[in-house]
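Quick look at structure.cif (mmCIF, C-alpha atoms):
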data_input
#
loop_
_atom_site.label_atom_id
_atom_site.label_comp_id
_atom_site.auth_asym_id
_atom_site.auth_seq_id
_atom_site.Cartn_x
_atom_site.Cartn_y
_atom_site.Cartn_z
CA MET E 1 27.99 164.20 -161.57
CA LYS E 2 28.35 161.22 -163.68
CA PHE E 3 25.33 158.90 -163.93
CA LYS E 4 25.73 155.18 -163.87
CA ARG E 5 24.04 153.48 -166.84
CA ARG E 6 21.33 151.05 -165.86
CA SER E 7 21.58 147.63 -167.42
CA THR E 8 18.62 146.53 -169.51
CA GLU E 9 16.92 143.26 -168.43
CA VAL E 10 15.84 141.15 -171.30
CA PHE E 11 13.38 138.99 -169.31
CA SER E 12 11.50 141.40 -167.31
CA LEU E 13 8.40 140.60 -165.28
CA SER E 14 6.12 141.99 -167.92
CA PHE E 15 7.69 139.83 -170.56
CA LEU E 16 7.36 136.72 -168.48
CA ASP E 17 3.73 137.52 -167.81
CA CYS E 18 3.13 137.81 -171.51
CA ILE E 19 4.92 134.55 -172.18
CA CYS E 20 2.95 132.74 -169.47
CA CYS E 21 -0.31 134.17 -170.65
CA GLY E 22 0.44 133.13 -174.23
CA PHE E 23 1.51 129.65 -173.11
CA GLY E 24 -1.62 129.35 -171.00
CA ALA E 25 -3.74 130.45 -173.94
CA VAL E 26 -2.07 127.84 -176.17
CA LEU E 27 -2.53 125.19 -173.49
CA LEU E 28 -6.18 126.15 -173.02
CA LEU E 29 -6.67 126.04 -176.78
CA PHE E 30 -5.10 122.58 -176.90
CA VAL E 31 -7.28 121.32 -174.07
CA LEU E 32 -10.42 122.63 -175.68
CA THR E 33 -9.45 121.24 -179.08
CA ALA E 34 -8.51 117.81 -177.68
CA GLY E 35 -11.84 117.51 -175.87
CA ASN E 36 -13.74 118.37 -179.01
CA LYS E 37 -11.76 115.76 -181.01
CA ALA E 38 -12.54 113.10 -178.41
CA SER E 39 -16.24 113.89 -178.77
CA ILE E 40 -15.98 113.70 -182.55
CA TYR E 41 -14.09 110.38 -182.34
CA SER E 42 -16.76 109.00 -180.00
CA THR E 43 -19.50 110.03 -182.41
CA ILE E 44 -17.65 108.46 -185.37
CA GLU E 45 -16.99 105.29 -183.39
CA ALA E 46 -20.68 105.04 -182.44
CA LYS E 47 -21.70 105.46 -186.05
CA ILE E 48 -19.17 102.84 -187.18
CA SER E 49 -20.46 100.44 -184.50
CA GLN E 50 -24.05 101.07 -185.64
CA ILE E 51 -23.09 100.43 -189.27
CA ILE E 52 -21.24 97.24 -188.30
CA GLY E 53 -24.29 96.08 -186.30
CA GLU E 54 -26.60 96.76 -189.22
CA MET E 55 -24.27 94.92 -191.58
CA THR E 56 -24.09 91.98 -189.15
CA ASP E 57 -27.89 91.79 -188.98
CA SER E 58 -28.11 92.03 -192.74
CA ILE E 59 -25.58 89.22 -193.17
CA ALA E 60 -27.51 87.06 -190.67
CA LYS E 61 -30.74 87.68 -192.59
CA LYS E 62 -29.03 86.84 -195.87
CA ASP E 63 -27.63 83.63 -194.34
CA LYS E 64 -31.12 82.70 -193.14
CA GLU E 65 -32.58 83.43 -196.58
CA LEU E 66 -29.79 81.37 -198.12
CA GLU E 67 -30.63 78.41 -195.85
CA THR E 68 -34.31 78.76 -196.76
CA LEU E 69 -33.46 78.81 -200.46
CA ARG E 70 -31.17 75.80 -200.02
CA ALA E 71 -33.94 73.85 -198.27
CA TYR E 72 -36.43 74.87 -200.97
CA LEU E 73 -33.97 73.76 -203.64
CA LEU E 74 -33.68 70.34 -202.00
CA ASP E 75 -37.49 70.04 -201.83
CA VAL E 76 -37.78 71.00 -205.49
CA LYS E 77 -35.10 68.45 -206.35
CA ASP E 78 -36.93 65.68 -204.45
CA GLU E 79 -40.23 66.67 -206.05
CA HIS E 80 -38.58 66.62 -209.47
CA GLU E 81 -37.28 63.10 -208.84
CA GLU E 82 -40.75 61.94 -207.72
CA ILE E 83 -42.33 63.49 -210.80
CA SER E 84 -39.72 61.81 -213.00
CA ILE E 85 -40.46 58.42 -211.42
CA GLU E 86 -44.22 58.96 -211.77
CA LEU E 87 -43.75 60.01 -215.39
CA ASP E 88 -41.78 56.83 -216.11
CA GLU E 89 -44.55 54.77 -214.50
CA LYS E 90 -47.20 56.56 -216.58
CA LYS E 91 -45.19 55.91 -219.74
CA SER E 92 -44.94 52.22 -218.83
CA LEU E 93 -48.68 52.09 -218.10
CA ARG E 94 -49.47 53.76 -221.42
CA THR E 95 -47.34 51.17 -223.20
CA ASP E 96 -49.30 48.41 -221.46
CA LEU E 97 -52.57 50.05 -222.49
CA ASP E 98 -51.46 50.32 -226.10
CA ASP E 99 -50.46 46.65 -226.02
CA SER E 100 -53.81 45.82 -224.42
CA LEU E 101 -55.75 47.54 -227.19
CA ALA E 102 -53.75 45.81 -229.91
CA LEU E 103 -54.15 42.42 -228.25
CA LEU E 104 -57.89 42.89 -227.71
CA MET E 105 -58.38 43.82 -231.34
CA LYS E 106 -56.44 40.73 -232.36
CA GLU E 107 -58.44 38.60 -229.94
CA LEU E 108 -61.71 39.99 -231.27
CA ALA E 109 -60.78 38.96 -234.80
CA LEU E 110 -59.87 35.46 -233.61
CA ILE E 111 -63.09 35.14 -231.62
CA GLU E 112 -65.21 36.19 -234.59
CA GLU E 113 -63.41 33.67 -236.79
CA ALA E 114 -63.79 30.89 -234.22
CA LEU E 115 -67.44 31.79 -233.61
CA GLY E 116 -68.23 31.45 -237.30
CA LYS E 117 -66.54 28.05 -237.42
CA LEU E 118 -68.28 26.78 -234.30
CA MET E 119 -71.69 27.98 -235.44
CA LYS E 120 -71.08 26.08 -238.67
CA ASP E 121 -70.14 22.90 -236.80
CA LYS E 122 -72.82 23.12 -234.10
CA GLU E 123 -75.09 20.67 -235.93
CA GLU E 124 -72.49 17.95 -235.36
CA ILE E 125 -72.69 18.27 -231.55
CA PRO E 126 -74.28 15.09 -230.12
CA LYS E 127 -77.76 15.66 -228.76
CA VAL E 128 -78.25 14.83 -225.07
CA GLU E 129 -81.49 12.97 -224.73
CA GLU E 130 -81.55 12.80 -220.94
CA LYS E 131 -82.50 15.84 -218.91
CA PRO E 132 -79.29 17.69 -217.94
CA PRO E 133 -78.67 18.69 -214.28
CA ILE E 134 -78.61 22.35 -215.38
CA PRO E 135 -81.18 23.15 -218.09
CA ILE E 136 -79.91 25.22 -220.99
CA PRO E 137 -82.67 27.60 -222.13
CA ASN E 138 -80.92 28.72 -225.30
CA GLU E 139 -79.05 25.99 -227.16
CA GLU E 140 -77.92 28.47 -229.83
CA ARG E 141 -75.59 30.09 -227.28
CA ARG E 142 -74.24 26.87 -225.77
CA GLN E 143 -70.76 27.42 -227.25
CA TYR E 144 -70.80 31.20 -226.85
CA LEU E 145 -67.40 31.24 -225.12
CA THR E 146 -65.38 30.41 -228.19
CA GLY E 147 -61.77 29.37 -227.83
CA PHE E 148 -62.34 27.73 -224.45
CA ASP E 149 -61.13 24.17 -224.13
CA MET E 150 -63.10 22.60 -221.27
CA LYS E 151 -61.88 19.05 -221.86
CA GLY E 152 -60.01 17.07 -219.25
CA ASP E 153 -60.55 14.76 -216.31
CA HIS E 154 -60.12 17.52 -213.71
CA ILE E 155 -61.13 21.17 -214.24
CA LEU E 156 -60.46 23.73 -211.49
CA PHE E 157 -62.60 26.86 -211.19
CA LEU E 158 -60.96 29.78 -209.33
CA VAL E 159 -63.68 32.39 -208.79
CA GLU E 160 -63.01 35.84 -207.33
CA ALA E 161 -65.48 36.75 -204.57
CA SER E 162 -64.10 40.15 -203.53
CA GLY E 163 -66.16 43.25 -202.84
CA SER E 164 -65.52 44.58 -206.34
CA MET E 165 -67.61 41.72 -207.78
CA LEU E 166 -70.70 43.57 -206.55
CA ASP E 167 -70.63 46.22 -209.29
CA ASP E 168 -68.72 47.38 -212.38
CA GLU E 169 -67.82 50.72 -210.74
CA VAL E 170 -65.59 51.01 -207.69
CA THR E 171 -67.74 53.59 -205.92
CA LYS E 172 -70.95 51.64 -206.45
CA ALA E 173 -69.28 48.40 -205.34
CA ALA E 174 -68.13 50.17 -202.16
CA GLU E 175 -71.70 51.33 -201.53
CA ARG E 176 -73.04 47.80 -201.99
CA LEU E 177 -70.60 46.55 -199.36
CA GLN E 178 -72.80 48.30 -196.79
CA ASP E 179 -75.83 46.19 -197.81
CA GLU E 180 -77.06 43.11 -195.98
CA ASP E 181 -75.70 39.75 -197.15
CA GLU E 182 -78.94 38.81 -198.87
CA GLU E 183 -78.81 42.03 -200.90
CA LYS E 184 -75.17 41.40 -201.82
CA LYS E 185 -76.10 37.99 -203.20
CA LYS E 186 -78.56 39.73 -205.55
CA ALA E 187 -76.10 42.31 -206.89
CA PRO E 188 -76.38 42.25 -210.73
CA LYS E 189 -72.69 41.69 -211.39
CA TRP E 190 -72.46 38.88 -208.84
CA VAL E 191 -75.59 37.25 -210.29
CA ARG E 192 -73.98 37.35 -213.74
CA THR E 193 -70.85 35.75 -212.29
CA LYS E 194 -72.84 32.92 -210.70
CA ASN E 195 -74.85 32.41 -213.89
CA GLY E 196 -71.64 32.26 -215.91
CA LEU E 197 -70.20 29.64 -213.57
CA GLN E 198 -73.45 27.65 -213.81
CA TRP E 199 -73.33 27.91 -217.60
CA LEU E 200 -69.78 26.55 -217.72
CA ILE E 201 -70.69 23.58 -215.55
CA ALA E 202 -73.65 22.88 -217.86
CA ASN E 203 -71.37 22.81 -220.91
CA PHE E 204 -69.21 19.84 -219.90
CA VAL E 205 -69.50 17.09 -222.54
CA ASP E 206 -67.05 14.42 -221.39
CA LYS E 207 -68.53 11.92 -218.97
CA THR E 208 -65.14 11.49 -217.27
CA THR E 209 -64.81 15.18 -216.40
CA ARG E 210 -64.77 16.20 -212.74
CA TYR E 211 -64.57 19.77 -211.48
CA LYS E 212 -63.66 21.68 -208.32
CA ILE E 213 -64.67 25.23 -207.34
CA ILE E 214 -62.62 27.51 -205.07
CA PHE E 215 -63.81 31.04 -204.33
CA PHE E 216 -61.19 33.53 -203.18
CA ASN E 217 -60.99 37.06 -201.77
CA ASN E 218 -58.54 37.68 -198.94
CA GLU E 219 -59.02 33.99 -198.07
CA LEU E 220 -59.81 30.74 -199.87
CA HIS E 221 -63.34 29.29 -199.79
CA PRO E 222 -63.39 25.78 -201.36
CA LEU E 223 -66.84 24.47 -202.30
CA GLU E 224 -67.42 21.05 -200.71
CA THR E 225 -70.64 19.02 -200.88
CA ASP E 226 -72.12 16.69 -198.27
CA SER E 227 -71.78 13.76 -200.65
CA GLY E 228 -68.06 13.69 -200.03
CA GLY E 229 -65.13 14.21 -202.36
CA THR E 230 -63.68 17.49 -203.52
CA TRP E 231 -64.11 16.87 -207.27
CA HIS E 232 -67.70 16.90 -208.49
CA ASP E 233 -69.48 15.02 -211.27
CA PRO E 234 -71.28 17.51 -213.56
CA PHE E 235 -73.62 14.77 -214.77
CA ASN E 236 -74.84 13.88 -211.28
CA ALA E 237 -78.06 15.85 -210.84
CA ASP E 238 -78.12 15.68 -207.02
CA THR E 239 -74.51 16.79 -206.67
CA THR E 240 -74.97 19.58 -209.20
CA LEU E 241 -78.05 20.97 -207.46
CA GLU E 242 -76.18 20.92 -204.14
CA VAL E 243 -73.26 22.76 -205.75
CA LEU E 244 -75.61 25.42 -207.12
CA ASP E 245 -77.11 25.93 -203.65
CA LEU E 246 -73.62 26.31 -202.15
CA ILE E 247 -72.64 28.80 -204.86
CA ASP E 248 -75.71 30.88 -204.01
CA GLU E 249 -74.59 31.10 -200.35
CA ILE E 250 -71.29 32.81 -201.19
CA VAL E 251 -71.23 36.51 -200.20
CA PRO E 252 -68.64 38.76 -201.92
CA GLY E 253 -66.45 40.93 -199.71
CA GLU E 254 -62.90 42.01 -198.78
CA GLY E 255 -60.03 42.38 -201.28
CA ALA E 256 -58.76 40.02 -203.98
CA ASN E 257 -55.61 37.97 -203.29
CA LEU E 258 -54.85 36.10 -206.51
CA GLU E 259 -51.55 34.90 -205.06
CA ILE E 260 -53.19 32.56 -202.50
CA ALA E 261 -55.54 31.25 -205.20
CA PHE E 262 -52.64 30.26 -207.47
CA ASP E 263 -50.61 28.98 -204.54
CA ILE E 264 -53.23 26.30 -203.73
CA VAL E 265 -53.03 24.73 -207.22
CA ASP E 266 -49.85 22.76 -206.58
CA ASP E 267 -51.14 21.62 -203.18
CA LEU E 268 -54.27 19.90 -204.55
CA ASP E 269 -54.59 16.13 -204.33
CA VAL E 270 -54.88 16.04 -208.12
CA VAL E 271 -53.17 18.39 -210.57
CA PRO E 272 -55.98 19.86 -212.73
CA ASN E 273 -55.89 19.56 -216.51
CA ARG E 274 -57.11 23.15 -216.83
CA ILE E 275 -57.83 26.20 -214.69
CA VAL E 276 -60.84 28.43 -215.37
CA LEU E 277 -60.20 31.78 -213.69
CA ILE E 278 -63.18 34.12 -213.20
CA ALA E 279 -62.18 37.62 -212.04
CA ASP E 280 -62.92 41.29 -212.62
CA GLY E 281 -59.53 42.99 -212.47
CA LEU E 282 -56.03 43.08 -211.06
CA PRO E 283 -55.61 41.90 -207.46
CA THR E 284 -55.58 44.30 -204.51
CA LEU E 285 -53.79 41.99 -202.07
CA ALA E 286 -50.65 39.84 -202.17
CA ASP E 287 -48.74 37.99 -199.48
CA SER E 288 -45.35 38.73 -201.04
CA TYR E 289 -46.04 42.37 -201.96
CA SER E 290 -47.38 45.01 -199.62
CA LYS E 291 -48.01 48.74 -200.03
CA ALA E 292 -49.11 51.18 -197.34
CA GLY E 293 -51.72 53.75 -198.30
CA LEU E 294 -53.55 54.10 -201.59
CA LEU E 295 -52.74 51.46 -204.22
CA SER E 296 -51.64 52.61 -207.66
CA ASP E 297 -52.04 50.76 -210.97
CA VAL E 298 -48.33 49.88 -210.79
CA ASP E 299 -48.80 48.30 -207.33
CA ARG E 300 -51.67 46.12 -208.58
CA ILE E 301 -49.64 45.07 -211.63
CA ASN E 302 -46.80 44.07 -209.31
CA MET E 303 -49.26 42.03 -207.22
CA PHE E 304 -50.46 40.28 -210.38
CA ARG E 305 -46.89 39.47 -211.39
CA ALA E 306 -46.19 38.09 -207.92
CA ALA E 307 -49.24 35.81 -208.28
CA LYS E 308 -48.02 34.55 -211.68
CA LYS E 309 -44.70 33.52 -210.14
CA ILE E 310 -46.58 31.41 -207.57
CA LEU E 311 -48.33 29.36 -210.29
CA LEU E 312 -45.51 26.84 -210.77
CA SER E 313 -47.27 24.06 -212.66
CA GLY E 314 -47.77 24.39 -216.40
CA VAL E 315 -51.55 24.06 -216.19
CA PRO E 316 -53.40 25.93 -218.99
CA VAL E 317 -55.44 28.91 -217.76
CA ASN E 318 -58.72 30.11 -219.28
CA THR E 319 -59.86 33.51 -218.04
CA ILE E 320 -63.33 35.06 -217.96
CA LEU E 321 -62.96 38.75 -217.14
CA TYR E 322 -65.90 40.83 -215.90
CA PRO E 323 -64.02 44.13 -216.26
CA MET E 324 -64.16 46.97 -213.78
CA LEU E 325 -64.34 50.51 -215.11
CA ASN E 326 -61.07 52.48 -214.80
CA ASP E 327 -59.00 49.26 -214.70
CA PRO E 328 -57.78 49.13 -218.33
CA ALA E 329 -54.51 47.33 -217.58
CA ALA E 330 -56.33 44.20 -216.37
CA ALA E 331 -57.29 42.92 -219.82
CA VAL E 332 -53.79 42.85 -221.25
CA HIS E 333 -52.25 41.16 -218.21
CA PHE E 334 -54.94 38.45 -218.00
CA TRP E 335 -54.65 37.97 -221.76
CA ARG E 336 -50.89 37.49 -221.42
CA LEU E 337 -51.41 35.02 -218.58
CA SER E 338 -53.85 32.91 -220.63
CA ASN E 339 -51.73 33.21 -223.76
CA GLU E 340 -48.54 32.13 -221.95
CA ARG E 341 -50.42 29.23 -220.33
CA GLY E 342 -52.00 27.95 -223.54
CA GLY E 343 -55.50 29.11 -222.66
CA ALA E 344 -57.93 31.80 -223.76
CA MET E 345 -59.33 35.00 -222.28
CA VAL E 346 -62.75 36.57 -222.94
CA CYS E 347 -64.72 39.53 -221.61
CA PRO E 348 -68.39 38.51 -221.99
CA SER E 349 -71.14 41.03 -222.54
CA GLU E 350 -73.69 41.85 -219.83
CA SER E 351 -76.28 39.77 -221.63
CA TRP E 352 -74.27 36.57 -221.21
CA PRO E 353 -75.38 34.09 -220.15
CA ASP E 354 -79.08 34.57 -220.77
CA ILE E 355 -80.24 32.08 -218.14
#
As structure tokens, what does this structure read like?
Amino acid sequence: MKFKRRSTEVFSLSFLDCICCGFGAVLLLFVLTAGNKASIYSTIEAKISQIIGEMTDSIAKKDKELETLRAYLLDVKDEHEEISIELDEKKSLRTDLDDSLALLMKELALIEEALGKLMKDKEEIPKVEEKPPIPIPNEERRQYLTGFDMKGDHILFLVEASGSMLDDEVTKAAERLQDEDEEKKKAPKWVRTKNGLQWLIANFVDKTTRYKIIFFNNELHPLETDSGGTWHDPFNADTTLEVLDLIDEIVPGEGANLEIAFDIVDDLDVVPNRIVLIADGLPTLADSYSKAGLLSDVDRINMFRAAKKILLSGVPVNTILYPMLNDPAAAVHFWRLSNERGGAMVCPSESWPDI
């Protein structure tokens, strides 16, 4: 019997099962691998985000530090400009002080020369037989203020009566401002000022001379007698004694406004032949110049210059300076004022006048 050959099937059930199993294994492997990659990507992305956040914070901090440094740089720049300005002012002040020293040394030489000449010529001074309104206890010192020309029909005294006239030191003068008025009148420096004014009045020699006294601080205080008239006769005993009593009633206080004192000169009924200015330093007030807060030496110099501009008339100015400590610039500026105005400037010793 002849057997029929069976045909061989290439894709049998067993083969398909193997194929499916292998495909399923590959697919499972792919799924597992893809899930693991997604987890890795998420981790990497989180780390990148964290790094970016940290970098952003760092950049913000750096920006803030940069702004702080920029602001500090601007402050340093402003401070440097202020220091430069202050340095320029100090250099200018030092120049003024050097000029002051040179001028004072020159003035001292001139005073000594003039003193020798006047002491030599003192015997030629006419003797006054009649009793003078103001007795002079020491005739030898009558012409102590050498270089002063007190001649003329009208002499104007401008006398500072500010709080600084109570003492030679600022702190002590401030302490004396708390005293009662009667104690202020007895302050040593103010007594010397009044004695000096009395001495000047006693030294008039021309019978035609008349004088006027105006005290000033932050206001003007003209001295007016009951006898009438604003210009006084130094040879009238009654008028002179009344003037001395009025002088003794003046109480120093407030600041010193030299500008208003000079401003009144051109408004007087008679233009004076000479101004005798009695002060102790640069002014602390001025109508045309103001400064908030603490005054510097430069501010007071500017106030003095403003006062000089007010003095329009060409009246000669003699200055008696009772200097304050720590106000070295005053001497040179008052010297320049007197020199430019054809007058003289002196700083008398504490012993003058010995009344």
Subject >> 12 Å contact set for Glu180 in chain E, only C-alpha atoms, chain neighbours under 4 positions out, as JSON, numbers by chain >> reply: {"E": [175, 176, 184, 185, 186, 187, 251, 252, 253]}
Original post:
Taking only C-alpha atoms into account, which of E:Ile320, E:Val346, E:Val332, E:Ile85 comes nearest Ile278 in chain E?
Top reply: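 Under the stated criterion, the closest residue is E:Ile320.
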**OP:** Could you give me, as a list in words, the residues within 10 Å of Leu177 in chain E, counting all atoms listed in the file and dropping anything in the same chain fewer than 4 positions from it?
**Re:**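 Using all atoms listed in the file, the neighbours found are Gly163, Ser164, Leu166, Asp167, Lys172, Ala173, Asp181, Glu183, Lys184, Pro252, Gly253 and Glu254 of chain E.
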**OP:** Take CA of Lys77 in chain E and CA of Tyr289 in chain E and report the distance between them in Å, one decimal.
**Re:**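 A separation of 28.6 Å between them.
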Original post:
Applied to this file, what does the PyMOL selection byres ((chain E and resi 348) around 12) return in terms of residues, put as a PyMOL selection string?
Top reply: chain E and resi 108+111+144-146+189+192-193+196+278-280+319-323+345-347+349-354
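Taking CA of Asn318 in chain E and CA of Arg341 in chain E as endpoints, the distance between them is 8.4 Å.
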Which neighbours of Phe304 in chain E fall inside 9 Å, counting all atoms listed in the file, when residues of the same chain fewer than 6 positions from it are skipped, and could you give them as an mmCIF file with C-alpha atoms, in the coordinates of the input?
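The file below, part_15.cif, is the result:
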data_model
loop_
_atom_site.group_PDB
_atom_site.id
_atom_site.type_symbol
_atom_site.label_atom_id
_atom_site.label_comp_id
_atom_site.auth_asym_id
_atom_site.auth_seq_id
_atom_site.Cartn_x
_atom_site.Cartn_y
_atom_site.Cartn_z
ATOM 1 C CA LEU E 258 -54.850 36.100 -206.510
ATOM 2 C CA GLU E 259 -51.550 34.900 -205.060
ATOM 3 C CA LEU E 282 -56.030 43.080 -211.060
ATOM 4 C CA PRO E 283 -55.610 41.900 -207.460
ATOM 5 C CA THR E 284 -55.580 44.300 -204.510
ATOM 6 C CA ALA E 286 -50.650 39.840 -202.170
ATOM 7 C CA HIS E 333 -52.250 41.160 -218.210
#
**OP:** Tell me, in Å to one decimal, how far CA of Glu79 in chain E is from CA of Ser92 in chain E.
**Re:**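 So the answer is 19.9 Å.
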File output, range 213-227 of chain E (N, CA and C atoms) as a PDB file, in the first residue's frame:
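The resulting selection15.pdb:
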ATOM      1  N   ILE E 213      26.991 157.734  68.989  1.00  0.00           N
ATOM      2  CA  ILE E 213      27.266 156.332  69.356  1.00  0.00           C
ATOM      3  C   ILE E 213      26.057 155.470  68.989  1.00  0.00           C
ATOM      4  N   ILE E 214      26.321 154.397  68.241  1.00  0.00           N
ATOM      5  CA  ILE E 214      25.279 153.417  67.903  1.00  0.00           C
ATOM      6  C   ILE E 214      25.787 152.033  68.292  1.00  0.00           C
ATOM      7  N   PHE E 215      25.096 151.393  69.240  1.00  0.00           N
ATOM      8  CA  PHE E 215      25.400 150.004  69.578  1.00  0.00           C
ATOM      9  C   PHE E 215      24.627 149.096  68.625  1.00  0.00           C
ATOM     10  N   PHE E 216      25.181 147.936  68.317  1.00  0.00           N
ATOM     11  CA  PHE E 216      24.483 147.008  67.435  1.00  0.00           C
ATOM     12  C   PHE E 216      24.728 145.571  67.870  1.00  0.00           C
ATOM     13  N   ASN E 217      23.684 144.756  67.759  1.00  0.00           N
ATOM     14  CA  ASN E 217      23.795 143.294  67.825  1.00  0.00           C
ATOM     15  C   ASN E 217      22.957 142.760  66.676  1.00  0.00           C
ATOM     16  N   ASN E 218      21.795 142.165  66.961  1.00  0.00           N
ATOM     17  CA  ASN E 218      20.888 141.826  65.868  1.00  0.00           C
ATOM     18  C   ASN E 218      19.997 143.008  65.499  1.00  0.00           C
ATOM     19  N   GLU E 219      20.088 144.088  66.305  1.00  0.00           N
ATOM     20  CA  GLU E 219      19.359 145.328  66.051  1.00  0.00           C
ATOM     21  C   GLU E 219      20.276 146.512  66.341  1.00  0.00           C
ATOM     22  N   LEU E 220      19.808 147.709  65.943  1.00  0.00           N
ATOM     23  CA  LEU E 220      20.550 148.933  66.219  1.00  0.00           C
ATOM     24  C   LEU E 220      20.026 149.576  67.498  1.00  0.00           C
ATOM     25  N   HIS E 221      20.952 150.149  68.293  1.00  0.00           N
ATOM     26  CA  HIS E 221      20.583 150.813  69.541  1.00  0.00           C
ATOM     27  C   HIS E 221      21.310 152.162  69.617  1.00  0.00           C
ATOM     28  N   PRO E 222      20.770 153.202  68.929  1.00  0.00           N
ATOM     29  CA  PRO E 222      21.411 154.520  68.983  1.00  0.00           C
ATOM     30  C   PRO E 222      21.336 155.095  70.390  1.00  0.00           C
ATOM     31  N   LEU E 223      22.389 155.830  70.779  1.00  0.00           N
ATOM     32  CA  LEU E 223      22.461 156.440  72.103  1.00  0.00           C
ATOM     33  C   LEU E 223      21.990 157.894  71.977  1.00  0.00           C
ATOM     34  N   GLU E 224      20.870 158.214  72.602  1.00  0.00           N
ATOM     35  CA  GLU E 224      20.289 159.552  72.510  1.00  0.00           C
ATOM     36  C   GLU E 224      20.084 160.114  73.918  1.00  0.00           C
ATOM     37  N   THR E 225      20.515 161.357  74.115  1.00  0.00           N
ATOM     38  CA  THR E 225      20.412 162.003  75.425  1.00  0.00           C
ATOM     39  C   THR E 225      19.131 162.818  75.526  1.00  0.00           C
ATOM     40  N   ASP E 226      18.790 163.175  76.750  1.00  0.00           N
ATOM     41  CA  ASP E 226      17.584 163.986  76.981  1.00  0.00           C
ATOM     42  C   ASP E 226      17.767 165.430  76.546  1.00  0.00           C
ATOM     43  N   SER E 227      19.012 165.845  76.370  1.00  0.00           N
ATOM     44  CA  SER E 227      19.275 167.237  75.999  1.00  0.00           C
ATOM     45  C   SER E 227      18.911 167.531  74.552  1.00  0.00           C
TER      46      SER E 227
END
